[in-house]
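Colleague: Below is the file run31.txt, with compact mmCIF, N, CA and C atoms.
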```txt
# COMPACT_ATOMS: atom_id res chain seq x y z
N ASP A 695 -102.96 -10.49 48.99
CA ASP A 695 -103.79 -9.83 49.97
C ASP A 695 -104.80 -8.94 49.26
N SER A 696 -106.06 -9.18 49.49
CA SER A 696 -107.15 -8.37 48.91
C SER A 696 -107.12 -8.36 47.39
N GLY A 697 -106.62 -9.40 46.79
CA GLY A 697 -106.60 -9.50 45.33
C GLY A 697 -105.42 -8.83 44.67
N GLY A 698 -104.48 -8.35 45.46
CA GLY A 698 -103.32 -7.66 44.90
C GLY A 698 -102.51 -8.50 43.94
N THR A 699 -102.42 -9.80 44.19
CA THR A 699 -101.65 -10.66 43.29
C THR A 699 -102.37 -10.88 41.97
N TRP A 700 -103.65 -10.59 41.92
CA TRP A 700 -104.41 -10.68 40.67
C TRP A 700 -104.43 -9.33 39.97
N LEU A 701 -104.67 -8.25 40.73
CA LEU A 701 -104.80 -6.92 40.16
C LEU A 701 -103.48 -6.32 39.70
N LEU A 702 -102.47 -6.42 40.54
CA LEU A 702 -101.20 -5.73 40.25
C LEU A 702 -100.55 -6.17 38.93
N PRO A 703 -100.41 -7.46 38.64
CA PRO A 703 -99.80 -7.83 37.36
C PRO A 703 -100.60 -7.32 36.15
N GLN A 704 -101.91 -7.23 36.31
CA GLN A 704 -102.72 -6.68 35.21
C GLN A 704 -102.43 -5.21 34.98
N ARG A 705 -102.14 -4.48 36.05
CA ARG A 705 -101.92 -3.04 35.94
C ARG A 705 -100.51 -2.68 35.49
N VAL A 706 -99.53 -3.40 36.04
CA VAL A 706 -98.15 -2.98 35.81
C VAL A 706 -97.29 -4.01 35.10
N GLY A 707 -97.83 -5.19 34.83
CA GLY A 707 -97.05 -6.25 34.21
C GLY A 707 -96.43 -7.14 35.27
N LEU A 708 -96.12 -8.36 34.87
CA LEU A 708 -95.60 -9.35 35.81
C LEU A 708 -94.26 -8.96 36.42
N ALA A 709 -93.36 -8.46 35.60
CA ALA A 709 -92.02 -8.14 36.11
C ALA A 709 -92.07 -7.05 37.19
N ARG A 710 -92.80 -5.98 36.93
CA ARG A 710 -92.90 -4.91 37.93
C ARG A 710 -93.66 -5.38 39.17
N ALA A 711 -94.74 -6.14 38.96
CA ALA A 711 -95.50 -6.65 40.10
C ALA A 711 -94.62 -7.53 40.98
N MET A 712 -93.85 -8.39 40.33
CA MET A 712 -92.96 -9.28 41.07
C MET A 712 -91.95 -8.47 41.88
N ALA A 713 -91.33 -7.48 41.25
CA ALA A 713 -90.34 -6.66 41.94
C ALA A 713 -90.97 -5.90 43.11
N LEU A 714 -92.13 -5.32 42.89
CA LEU A 714 -92.79 -4.57 43.96
C LEU A 714 -93.14 -5.47 45.14
N CYS A 715 -93.67 -6.63 44.86
CA CYS A 715 -94.10 -7.54 45.93
C CYS A 715 -92.94 -8.22 46.63
N MET A 716 -91.93 -8.59 45.88
CA MET A 716 -90.82 -9.34 46.48
C MET A 716 -89.85 -8.45 47.24
N THR A 717 -89.66 -7.21 46.79
CA THR A 717 -88.66 -6.35 47.44
C THR A 717 -89.26 -5.49 48.56
N GLY A 718 -90.55 -5.15 48.42
CA GLY A 718 -91.16 -4.26 49.41
C GLY A 718 -90.66 -2.83 49.31
N ASP A 719 -89.96 -2.52 48.21
CA ASP A 719 -89.45 -1.15 48.04
C ASP A 719 -90.62 -0.16 47.99
N LYS A 720 -90.34 1.04 48.50
CA LYS A 720 -91.35 2.10 48.44
C LYS A 720 -91.51 2.55 47.00
N LEU A 721 -92.71 3.00 46.69
CA LEU A 721 -93.04 3.45 45.34
C LEU A 721 -93.56 4.87 45.44
N SER A 722 -92.93 5.79 44.72
CA SER A 722 -93.40 7.18 44.75
C SER A 722 -94.70 7.31 43.97
N ALA A 723 -95.44 8.34 44.26
CA ALA A 723 -96.68 8.60 43.54
C ALA A 723 -96.40 8.83 42.06
N ALA A 724 -95.32 9.52 41.75
CA ALA A 724 -94.97 9.77 40.35
C ALA A 724 -94.69 8.46 39.62
N ASP A 725 -93.98 7.53 40.28
CA ASP A 725 -93.71 6.23 39.66
C ASP A 725 -95.00 5.42 39.51
N ALA A 726 -95.86 5.48 40.51
CA ALA A 726 -97.15 4.77 40.42
C ALA A 726 -97.96 5.30 39.24
N LYS A 727 -97.90 6.61 39.01
CA LYS A 727 -98.60 7.19 37.85
C LYS A 727 -97.98 6.69 36.56
N THR A 728 -96.67 6.69 36.48
CA THR A 728 -95.98 6.24 35.28
C THR A 728 -96.32 4.78 34.96
N MET A 729 -96.47 3.96 36.00
CA MET A 729 -96.79 2.54 35.81
C MET A 729 -98.27 2.30 35.51
N GLY A 730 -99.08 3.31 35.65
CA GLY A 730 -100.50 3.14 35.39
C GLY A 730 -101.29 2.64 36.59
N MET A 731 -100.70 2.69 37.77
CA MET A 731 -101.39 2.25 38.97
C MET A 731 -102.39 3.29 39.46
N ILE A 732 -102.07 4.55 39.22
CA ILE A 732 -102.95 5.65 39.57
C ILE A 732 -103.07 6.57 38.38
N TRP A 733 -104.10 7.40 38.38
CA TRP A 733 -104.37 8.24 37.23
C TRP A 733 -103.58 9.54 37.26
N ASP A 734 -103.49 10.17 38.43
CA ASP A 734 -102.85 11.48 38.48
C ASP A 734 -102.20 11.70 39.84
N VAL A 735 -101.32 12.68 39.88
CA VAL A 735 -100.66 13.11 41.10
C VAL A 735 -100.83 14.62 41.18
N ALA A 736 -101.16 15.13 42.36
CA ALA A 736 -101.35 16.57 42.52
C ALA A 736 -100.64 17.04 43.78
N ASP A 737 -100.07 18.24 43.72
CA ASP A 737 -99.44 18.81 44.91
C ASP A 737 -100.48 19.06 46.00
N ASP A 738 -101.66 19.55 45.59
CA ASP A 738 -102.76 19.79 46.53
C ASP A 738 -103.86 18.79 46.21
N ALA A 739 -103.79 17.64 46.85
CA ALA A 739 -104.73 16.56 46.54
C ALA A 739 -106.18 16.95 46.84
N VAL A 740 -106.41 17.71 47.90
CA VAL A 740 -107.78 18.10 48.25
C VAL A 740 -108.36 19.03 47.19
N ALA A 741 -107.59 20.00 46.75
CA ALA A 741 -108.07 20.91 45.71
C ALA A 741 -108.31 20.16 44.41
N ALA A 742 -107.43 19.24 44.07
CA ALA A 742 -107.60 18.46 42.85
C ALA A 742 -108.84 17.58 42.94
N ALA A 743 -109.07 16.98 44.10
CA ALA A 743 -110.26 16.13 44.29
C ALA A 743 -111.53 16.96 44.20
N LYS A 744 -111.53 18.14 44.79
CA LYS A 744 -112.71 19.02 44.71
C LYS A 744 -112.97 19.45 43.27
N ALA A 745 -111.93 19.79 42.54
CA ALA A 745 -112.09 20.19 41.14
C ALA A 745 -112.65 19.04 40.31
N MET A 746 -112.16 17.82 40.55
CA MET A 746 -112.68 16.66 39.82
C MET A 746 -114.13 16.41 40.19
N ALA A 747 -114.46 16.53 41.46
CA ALA A 747 -115.84 16.32 41.90
C ALA A 747 -116.78 17.33 41.25
N GLU A 748 -116.36 18.58 41.17
CA GLU A 748 -117.18 19.61 40.53
C GLU A 748 -117.36 19.32 39.04
N LYS A 749 -116.30 18.89 38.40
CA LYS A 749 -116.38 18.56 36.97
C LYS A 749 -117.36 17.41 36.74
N LEU A 750 -117.23 16.34 37.53
CA LEU A 750 -118.10 15.18 37.37
C LEU A 750 -119.55 15.51 37.73
N ALA A 751 -119.74 16.37 38.74
CA ALA A 751 -121.10 16.73 39.15
C ALA A 751 -121.85 17.47 38.06
N ALA A 752 -121.13 18.13 37.15
CA ALA A 752 -121.76 18.88 36.07
C ALA A 752 -122.02 18.01 34.84
N MET A 753 -121.64 16.75 34.90
CA MET A 753 -121.76 15.85 33.75
C MET A 753 -123.02 14.98 33.87
N PRO A 754 -123.41 14.28 32.79
CA PRO A 754 -124.61 13.45 32.82
C PRO A 754 -124.40 12.19 33.67
N THR A 755 -125.05 12.16 34.81
CA THR A 755 -124.86 11.12 35.82
C THR A 755 -125.08 9.71 35.27
N LYS A 756 -126.18 9.49 34.59
CA LYS A 756 -126.48 8.14 34.09
C LYS A 756 -125.42 7.66 33.10
N ALA A 757 -124.92 8.56 32.29
CA ALA A 757 -123.88 8.19 31.33
C ALA A 757 -122.58 7.84 32.05
N LEU A 758 -122.25 8.58 33.10
CA LEU A 758 -121.04 8.28 33.87
C LEU A 758 -121.15 6.92 34.55
N VAL A 759 -122.30 6.63 35.14
CA VAL A 759 -122.51 5.35 35.82
C VAL A 759 -122.42 4.20 34.81
N ALA A 760 -123.05 4.39 33.65
CA ALA A 760 -123.02 3.34 32.62
C ALA A 760 -121.61 3.13 32.09
N THR A 761 -120.88 4.20 31.88
CA THR A 761 -119.50 4.10 31.39
C THR A 761 -118.63 3.36 32.40
N ARG A 762 -118.79 3.70 33.67
CA ARG A 762 -118.02 3.02 34.72
C ARG A 762 -118.33 1.52 34.73
N ALA A 763 -119.59 1.17 34.62
CA ALA A 763 -119.97 -0.25 34.60
C ALA A 763 -119.41 -0.97 33.39
N LEU A 764 -119.47 -0.33 32.23
CA LEU A 764 -118.92 -0.95 31.02
C LEU A 764 -117.41 -1.17 31.14
N LEU A 765 -116.72 -0.17 31.65
CA LEU A 765 -115.26 -0.30 31.80
C LEU A 765 -114.89 -1.37 32.82
N ARG A 766 -115.60 -1.41 33.93
CA ARG A 766 -115.28 -2.40 34.97
C ARG A 766 -115.55 -3.83 34.53
N GLY A 767 -116.51 -4.03 33.66
CA GLY A 767 -116.84 -5.37 33.21
C GLY A 767 -116.18 -5.79 31.92
N ALA A 768 -115.48 -4.88 31.27
CA ALA A 768 -114.93 -5.15 29.94
C ALA A 768 -114.00 -6.36 29.90
N HIS A 769 -113.23 -6.57 30.94
CA HIS A 769 -112.25 -7.67 30.92
C HIS A 769 -112.91 -9.05 30.93
N THR A 770 -114.20 -9.10 31.19
CA THR A 770 -114.89 -10.40 31.22
C THR A 770 -115.62 -10.70 29.92
N HIS A 771 -115.55 -9.79 28.95
CA HIS A 771 -116.28 -9.95 27.68
C HIS A 771 -115.33 -10.01 26.49
N SER A 772 -115.82 -10.64 25.44
CA SER A 772 -115.11 -10.56 24.16
C SER A 772 -115.41 -9.19 23.56
N LEU A 773 -114.69 -8.82 22.52
CA LEU A 773 -114.95 -7.54 21.86
C LEU A 773 -116.38 -7.48 21.33
N ASP A 774 -116.85 -8.55 20.71
CA ASP A 774 -118.22 -8.57 20.19
C ASP A 774 -119.24 -8.39 21.30
N GLU A 775 -119.03 -9.05 22.43
CA GLU A 775 -119.94 -8.90 23.56
C GLU A 775 -119.94 -7.46 24.08
N GLN A 776 -118.75 -6.88 24.16
CA GLN A 776 -118.63 -5.51 24.66
C GLN A 776 -119.31 -4.53 23.71
N LEU A 777 -119.13 -4.74 22.42
CA LEU A 777 -119.79 -3.86 21.43
C LEU A 777 -121.30 -3.96 21.56
N ASP A 778 -121.82 -5.15 21.79
CA ASP A 778 -123.26 -5.32 21.99
C ASP A 778 -123.73 -4.58 23.23
N LEU A 779 -122.97 -4.69 24.30
CA LEU A 779 -123.33 -3.98 25.54
C LEU A 779 -123.31 -2.47 25.34
N GLU A 780 -122.27 -1.98 24.65
CA GLU A 780 -122.19 -0.54 24.38
C GLU A 780 -123.39 -0.07 23.56
N ARG A 781 -123.75 -0.84 22.56
CA ARG A 781 -124.92 -0.51 21.74
C ARG A 781 -126.17 -0.42 22.60
N ASP A 782 -126.36 -1.40 23.45
CA ASP A 782 -127.56 -1.44 24.28
C ASP A 782 -127.61 -0.27 25.25
N VAL A 783 -126.49 0.04 25.86
CA VAL A 783 -126.43 1.15 26.82
C VAL A 783 -126.67 2.48 26.09
N GLN A 784 -126.02 2.67 24.96
CA GLN A 784 -126.21 3.91 24.22
C GLN A 784 -127.65 4.07 23.75
N SER A 785 -128.26 2.98 23.34
CA SER A 785 -129.66 3.03 22.91
C SER A 785 -130.55 3.45 24.07
N ARG A 786 -130.31 2.85 25.23
CA ARG A 786 -131.11 3.18 26.42
C ARG A 786 -130.90 4.63 26.84
N LEU A 787 -129.66 5.08 26.86
CA LEU A 787 -129.37 6.44 27.30
C LEU A 787 -129.83 7.50 26.30
N GLY A 788 -130.03 7.10 25.05
CA GLY A 788 -130.49 8.05 24.04
C GLY A 788 -131.87 8.59 24.30
N PHE A 789 -132.59 8.00 25.26
CA PHE A 789 -133.94 8.47 25.60
C PHE A 789 -133.96 9.31 26.88
N THR A 790 -132.80 9.57 27.46
CA THR A 790 -132.76 10.31 28.71
C THR A 790 -132.79 11.82 28.47
N HIS A 791 -133.21 12.53 29.49
CA HIS A 791 -133.21 13.99 29.44
C HIS A 791 -131.80 14.51 29.16
N ASP A 792 -130.81 13.95 29.83
CA ASP A 792 -129.45 14.45 29.68
C ASP A 792 -128.92 14.28 28.27
N TYR A 793 -129.28 13.19 27.60
CA TYR A 793 -128.84 13.02 26.22
C TYR A 793 -129.46 14.11 25.34
N ILE A 794 -130.75 14.29 25.48
CA ILE A 794 -131.45 15.29 24.68
C ILE A 794 -130.90 16.68 24.98
N GLU A 795 -130.66 16.97 26.26
CA GLU A 795 -130.08 18.26 26.64
C GLU A 795 -128.69 18.43 26.06
N GLY A 796 -127.87 17.38 26.07
CA GLY A 796 -126.53 17.47 25.51
C GLY A 796 -126.54 17.78 24.03
N VAL A 797 -127.39 17.11 23.28
CA VAL A 797 -127.49 17.36 21.84
C VAL A 797 -128.01 18.77 21.58
N THR A 798 -129.05 19.15 22.31
CA THR A 798 -129.64 20.48 22.13
C THR A 798 -128.62 21.57 22.45
N ALA A 799 -127.91 21.42 23.56
CA ALA A 799 -126.90 22.40 23.95
C ALA A 799 -125.80 22.49 22.90
N PHE A 800 -125.39 21.36 22.37
CA PHE A 800 -124.36 21.36 21.32
C PHE A 800 -124.85 22.13 20.10
N LEU A 801 -126.06 21.85 19.67
CA LEU A 801 -126.61 22.53 18.49
C LEU A 801 -126.80 24.02 18.73
N GLN A 802 -127.13 24.39 19.95
CA GLN A 802 -127.32 25.80 20.29
C GLN A 802 -126.03 26.48 20.73
N LYS A 803 -124.95 25.73 20.72
CA LYS A 803 -123.62 26.24 21.08
C LYS A 803 -123.61 26.88 22.47
N ARG A 804 -124.15 26.14 23.44
CA ARG A 804 -124.19 26.60 24.82
C ARG A 804 -123.80 25.44 25.74
N PRO A 805 -123.41 25.75 26.96
CA PRO A 805 -123.09 24.67 27.91
C PRO A 805 -124.35 23.87 28.25
N ALA A 806 -124.21 22.59 28.36
CA ALA A 806 -125.35 21.73 28.73
C ALA A 806 -125.63 21.86 30.22
N GLN A 807 -126.89 21.73 30.57
CA GLN A 807 -127.33 21.73 31.96
C GLN A 807 -127.90 20.36 32.28
N PHE A 808 -127.05 19.45 32.71
CA PHE A 808 -127.46 18.08 32.97
C PHE A 808 -128.16 18.00 34.33
N LYS A 809 -129.16 17.13 34.43
CA LYS A 809 -129.93 16.96 35.65
C LYS A 809 -129.86 15.56 36.23
N GLY A 810 -129.14 14.66 35.57
CA GLY A 810 -129.09 13.30 36.04
C GLY A 810 -130.35 12.52 35.72
N GLU A 811 -131.08 12.99 34.72
CA GLU A 811 -132.34 12.35 34.34
C GLU A 811 -132.24 11.76 32.96
```
Take the structure in the file and give it back as structure tokens.

Modeller:
Amino acid sequence: DSGGTWLLPQRVGLARAMALCMTGDKLSAADAKTMGMIWDVADDAVAAAKAMAEKLAAMPTKALVATRALLRGAHTHSLDEQLDLERDVQSRLGFTHDYIEGVTAFLQKRPAQFKGE
């Protein structure tokens, strides 16, 4: 259903995927984290989500978008193809305002002020 039989074995391995699908047993959030199905568990999910949103909002937008795209497509490429893509993306992003601001801020030992440009 919705690709679960393709996605789940990749995330948790065939044995765990088989057990989860065949038994229908409930899975705790902590166990899902341990299996790599989810990234984190928080007692206050709303506060954790807001904190993550604030952290990401202060980061270089174009670099985050490019990283997400590279990660999502990685399984369809060989290592050599992926290295070529990374090179191309890094070369392109090296001309952005945020890259220049990040390097400048690092050299000046101050927090970067990214603008998504």

Colleague: Of the residues A:Ser772, A:Gln784, A:Thr790, A:Thr798, which is the one nearest to Pro754 of chain A, using only C-alpha atoms?

Modeller: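 For Pro754 of chain A, the nearest of the candidates is A:Thr790.
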
Colleague: Ranking A:Arg762, A:Arg804, A:His771, A:Lys756 by minimum distance to Asp792 of chain A and counting all atoms listed in the file, which one comes first?

Modeller: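 That would be A:Lys756, the residue with the smallest distance to Asp792 of chain A.
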
Colleague: Quick check, in Å to one decimal: how far apart do atom C of Leu773 of chain A and atom C of Ile732 of chain A lie?

Modeller: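 These atoms are spaced 25.8 Å apart.
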
Colleague: Figure out the distance between atom C of Val759 of chain A and atom N of Ala806 of chain A, please, to one decimal in Å.

Modeller: 19.6 Å

Colleague: Just checking: using only C-alpha atoms, which residue out of A:Glu795, A:Ala713, A:Pro703, A:Leu721 ends up closest to Met753 of chain A?

Modeller: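 The answer is A:Glu795, which sits nearest to Met753 of chain A.
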
Colleague: So the first atom is atom CA of His791 of chain A and the second is atom CA of Ala757 of chain A; what is the distance between them in Å, to one decimal place?

Modeller: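 The value is 11.1 Å.
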
Colleague: Residues of segment 704-803 of chain A classed as alpha helix (DSSP H) by DSSP on the backbone are to be reported as a PyMOL selection string.

Modeller: chain A and resi 704-706+708-717+723-729+739-751+755-767+773-787+791-801

Colleague: Kindly indicate which residue among A:Val706, A:Ala747, A:Ala742, A:Met712 lies nearest to Met729 of chain A, using only N, CA and C atoms for the distances.

Modeller: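 Closest candidate: A:Val706.
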
Colleague: Out of A:Asp734, A:Arg705, A:Ala745, A:Ala763, which residue has the shortest atom-to-atom distance to Leu779 of chain A when counting only C-alpha atoms?

Modeller: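 With only C-alpha atoms as the atom set, the closest residue is A:Ala763.
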
Colleague: Can you pull out every residue within 10 Å of Leu708 of chain A, counting only C-alpha atoms, but drop anything in the same chain fewer than 6 positions away, and send it as a short mmCIF file (atom, residue, chain, number, x, y, z; two decimals) with N, CA and C atoms, in the coordinates of the input?

Modeller:
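This is the output file result_33.cif:
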```
data_model
loop_
_atom_site.label_atom_id
_atom_site.label_comp_id
_atom_site.auth_asym_id
_atom_site.auth_seq_id
_atom_site.Cartn_x
_atom_site.Cartn_y
_atom_site.Cartn_z
N THR A 699 -102.42 -9.80 44.19
CA THR A 699 -101.65 -10.66 43.29
C THR A 699 -102.37 -10.88 41.97
N LEU A 702 -102.47 -6.42 40.54
CA LEU A 702 -101.20 -5.73 40.25
C LEU A 702 -100.55 -6.17 38.93
N LEU A 714 -92.13 -5.32 42.89
CA LEU A 714 -92.79 -4.57 43.96
C LEU A 714 -93.14 -5.47 45.14
#
```

Colleague: Can you write segment 707-718 of chain A from the block above with all heavy atoms, as a PDB file, in the first residue's frame?

Modeller:
```pdb
ATOM      1  N   GLY A 707      15.081  -3.495   6.819  1.00  0.00           N
ATOM      2  CA  GLY A 707      15.521  -4.845   6.492  1.00  0.00           C
ATOM      3  C   GLY A 707      14.331  -5.753   6.259  1.00  0.00           C
ATOM      4  O   GLY A 707      13.215  -5.496   6.734  1.00  0.00           O
ATOM      5  N   LEU A 708      14.566  -6.821   5.515  1.00  0.00           N
ATOM      6  CA  LEU A 708      13.480  -7.723   5.128  1.00  0.00           C
ATOM      7  C   LEU A 708      12.829  -8.408   6.323  1.00  0.00           C
ATOM      8  O   LEU A 708      11.602  -8.482   6.412  1.00  0.00           O
ATOM      9  CB  LEU A 708      13.984  -8.766   4.120  1.00  0.00           C
ATOM     10  CG  LEU A 708      12.934  -9.759   3.633  1.00  0.00           C
ATOM     11  CD1 LEU A 708      11.776  -9.036   2.958  1.00  0.00           C
ATOM     12  CD2 LEU A 708      13.564 -10.775   2.706  1.00  0.00           C
ATOM     13  N   ALA A 709      13.628  -8.880   7.257  1.00  0.00           N
ATOM     14  CA  ALA A 709      13.062  -9.623   8.385  1.00  0.00           C
ATOM     15  C   ALA A 709      12.118  -8.752   9.215  1.00  0.00           C
ATOM     16  O   ALA A 709      10.994  -9.169   9.539  1.00  0.00           O
ATOM     17  CB  ALA A 709      14.179 -10.175   9.266  1.00  0.00           C
ATOM     18  N   ARG A 710      12.544  -7.544   9.552  1.00  0.00           N
ATOM     19  CA  ARG A 710      11.684  -6.660  10.341  1.00  0.00           C
ATOM     20  C   ARG A 710      10.456  -6.234   9.537  1.00  0.00           C
ATOM     21  O   ARG A 710       9.354  -6.152  10.078  1.00  0.00           O
ATOM     22  CB  ARG A 710      12.457  -5.423  10.793  1.00  0.00           C
ATOM     23  CG  ARG A 710      13.396  -5.711  11.926  1.00  0.00           C
ATOM     24  CD  ARG A 710      14.084  -4.437  12.355  1.00  0.00           C
ATOM     25  NE  ARG A 710      14.910  -4.676  13.517  1.00  0.00           N
ATOM     26  CZ  ARG A 710      15.946  -3.934  13.848  1.00  0.00           C
ATOM     27  NH1 ARG A 710      16.284  -2.894  13.107  1.00  0.00           N
ATOM     28  NH2 ARG A 710      16.647  -4.212  14.915  1.00  0.00           N
ATOM     29  N   ALA A 711      10.654  -5.924   8.255  1.00  0.00           N
ATOM     30  CA  ALA A 711       9.528  -5.522   7.416  1.00  0.00           C
ATOM     31  C   ALA A 711       8.496  -6.641   7.347  1.00  0.00           C
ATOM     32  O   ALA A 711       7.286  -6.403   7.450  1.00  0.00           O
ATOM     33  CB  ALA A 711      10.016  -5.154   6.014  1.00  0.00           C
ATOM     34  N   MET A 712       8.981  -7.857   7.166  1.00  0.00           N
ATOM     35  CA  MET A 712       8.087  -9.009   7.093  1.00  0.00           C
ATOM     36  C   MET A 712       7.305  -9.146   8.395  1.00  0.00           C
ATOM     37  O   MET A 712       6.080  -9.323   8.381  1.00  0.00           O
ATOM     38  CB  MET A 712       8.890 -10.283   6.809  1.00  0.00           C
ATOM     39  CG  MET A 712       8.054 -11.483   6.442  1.00  0.00           C
ATOM     40  SD  MET A 712       7.369 -11.424   4.788  1.00  0.00           S
ATOM     41  CE  MET A 712       8.814 -11.735   3.802  1.00  0.00           C
ATOM     42  N   ALA A 713       7.986  -9.066   9.524  1.00  0.00           N
ATOM     43  CA  ALA A 713       7.322  -9.210  10.818  1.00  0.00           C
ATOM     44  C   ALA A 713       6.297  -8.097  11.034  1.00  0.00           C
ATOM     45  O   ALA A 713       5.172  -8.363  11.480  1.00  0.00           O
ATOM     46  CB  ALA A 713       8.363  -9.200  11.934  1.00  0.00           C
ATOM     47  N   LEU A 714       6.665  -6.874  10.711  1.00  0.00           N
ATOM     48  CA  LEU A 714       5.734  -5.758  10.903  1.00  0.00           C
ATOM     49  C   LEU A 714       4.491  -5.914  10.033  1.00  0.00           C
ATOM     50  O   LEU A 714       3.369  -5.701  10.495  1.00  0.00           O
ATOM     51  CB  LEU A 714       6.429  -4.428  10.597  1.00  0.00           C
ATOM     52  CG  LEU A 714       7.478  -3.977  11.603  1.00  0.00           C
ATOM     53  CD1 LEU A 714       8.288  -2.810  11.046  1.00  0.00           C
ATOM     54  CD2 LEU A 714       6.834  -3.589  12.926  1.00  0.00           C
ATOM     55  N   CYS A 715       4.675  -6.291   8.793  1.00  0.00           N
ATOM     56  CA  CYS A 715       3.549  -6.404   7.865  1.00  0.00           C
ATOM     57  C   CYS A 715       2.690  -7.633   8.128  1.00  0.00           C
ATOM     58  O   CYS A 715       1.461  -7.584   7.998  1.00  0.00           O
ATOM     59  CB  CYS A 715       4.060  -6.428   6.428  1.00  0.00           C
ATOM     60  SG  CYS A 715       4.735  -4.851   5.895  1.00  0.00           S
ATOM     61  N   MET A 716       3.318  -8.731   8.473  1.00  0.00           N
ATOM     62  CA  MET A 716       2.565  -9.974   8.637  1.00  0.00           C
ATOM     63  C   MET A 716       1.835 -10.046   9.973  1.00  0.00           C
ATOM     64  O   MET A 716       0.760 -10.644  10.048  1.00  0.00           O
ATOM     65  CB  MET A 716       3.492 -11.179   8.480  1.00  0.00           C
ATOM     66  CG  MET A 716       4.199 -11.238   7.135  1.00  0.00           C
ATOM     67  SD  MET A 716       3.089 -11.315   5.740  1.00  0.00           S
ATOM     68  CE  MET A 716       2.910 -13.070   5.590  1.00  0.00           C
ATOM     69  N   THR A 717       2.410  -9.455  11.028  1.00  0.00           N
ATOM     70  CA  THR A 717       1.782  -9.577  12.351  1.00  0.00           C
ATOM     71  C   THR A 717       0.818  -8.435  12.656  1.00  0.00           C
ATOM     72  O   THR A 717      -0.101  -8.603  13.439  1.00  0.00           O
ATOM     73  CB  THR A 717       2.841  -9.607  13.476  1.00  0.00           C
ATOM     74  OG1 THR A 717       3.520  -8.350  13.514  1.00  0.00           O
ATOM     75  CG2 THR A 717       3.816 -10.753  13.279  1.00  0.00           C
ATOM     76  N   GLY A 718       1.090  -7.253  12.074  1.00  0.00           N
ATOM     77  CA  GLY A 718       0.252  -6.097  12.395  1.00  0.00           C
ATOM     78  C   GLY A 718       0.471  -5.575  13.802  1.00  0.00           C
ATOM     79  O   GLY A 718      -0.327  -4.787  14.307  1.00  0.00           O
TER      80      GLY A 718
END
```
